[in-house]
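Here the structure is laid out as C-alpha cells; the discussion comes afterwards.
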Amino acid sequence: MKPGIVGLVVLGVGVVALAGSGAEKVGDKLLSFIQSAAELFGEGLLRLLNLILPRDRQASPELAMPLGYLGLITVVLLLFGILEAARKVIWIVVAVGWVLLLVRIVLDALRVR
C-alpha cells in the first residue's frame, strides 16, 4: 500500500471512529467542509470554463458539483505525486549526507587535513 492511500484509510477510520463514539458533529463538519470546498472549486472551474466557451454555448450550472469533486480529487492526487517526488529527492539528499559524513569520519580517523 502506498503512503498516500494509508493516510486516506487512517483518516477515514478516524472519522468513522469519531462519528461512532458520539462525536457526530466532527464527522458532519468534515463532510460539510468537503462539500463546501467542492462547491467553491466547482463554481470557480465553471466560471473559467464559461470564459473560454462562447456565450450561446455556456456550460450548465449543474456541472459545478461534479467539476468540484473531480477537481478536488485531482488536486489531492497532484499533491501525493509531488510528495512522492519530494520523498525521493529527500532520500537522495540523506544518502549523500551519510556518505559525506562517513568520508569525514574516515578522514578524521586517518588524520588527513
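Residue names in the C-alpha cells use chain letters A, B, ... in the order shown, residue numbers from 1 in each chain, and ligand numbers from 1 in the order shown.
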
Q) Using the chain letters and numbers from this document, which residues of segment 33-113 of chain A does DSSP assign to alpha helix (DSSP H), as a PyMOL selection string? A) chain A and resi 33-52+64-109

For segment 41-58 of chain A, please output as a CSV table (one decimal) with N, CA and C atoms, in the first residue's frame all residues within 10 Å (counting only C-alpha atoms; exclusion window: fewer than 5 positions along the same chain).
chain,number,residue,atom,x,y,z
A,35,GLN,N,-17.8,19.3,1.2
A,35,GLN,CA,-18.9,19.7,0.3
A,35,GLN,C,-18.8,21.2,-0.1
A,36,SER,N,-18.5,22.1,0.9
A,36,SER,CA,-18.3,23.5,0.6
A,36,SER,C,-17.1,23.7,-0.3
A,63,LEU,N,-23.1,21.4,-13.6
A,63,LEU,CA,-21.8,20.8,-13.6
A,63,LEU,C,-20.9,21.2,-12.5
A,64,ALA,N,-21.3,22.2,-11.7
A,64,ALA,CA,-20.4,22.8,-10.7
A,64,ALA,C,-20.0,21.7,-9.7
A,65,MET,N,-20.9,20.9,-9.2
A,65,MET,CA,-20.6,19.9,-8.2
A,65,MET,C,-19.7,18.8,-8.7
A,66,PRO,N,-20.0,18.2,-9.9
A,66,PRO,CA,-19.1,17.2,-10.4
A,66,PRO,C,-17.7,17.7,-10.7
A,67,LEU,N,-17.7,19.0,-11.3
A,67,LEU,CA,-16.4,19.6,-11.5
A,67,LEU,C,-15.6,19.8,-10.2
A,68,GLY,N,-16.3,20.2,-9.2
A,68,GLY,CA,-15.7,20.5,-7.9
A,68,GLY,C,-15.1,19.2,-7.3
A,69,TYR,N,-15.9,18.2,-7.3
A,69,TYR,CA,-15.3,16.9,-6.7
A,69,TYR,C,-14.2,16.4,-7.5
A,70,LEU,N,-14.3,16.4,-8.8
A,70,LEU,CA,-13.2,15.9,-9.7
A,70,LEU,C,-12.0,16.8,-9.5
A,71,GLY,N,-12.2,18.1,-9.4
A,71,GLY,CA,-11.1,19.0,-9.2
A,71,GLY,C,-10.4,18.7,-7.9
A,72,LEU,N,-11.1,18.5,-6.8
A,72,LEU,CA,-10.5,18.2,-5.5
A,72,LEU,C,-9.7,16.9,-5.5
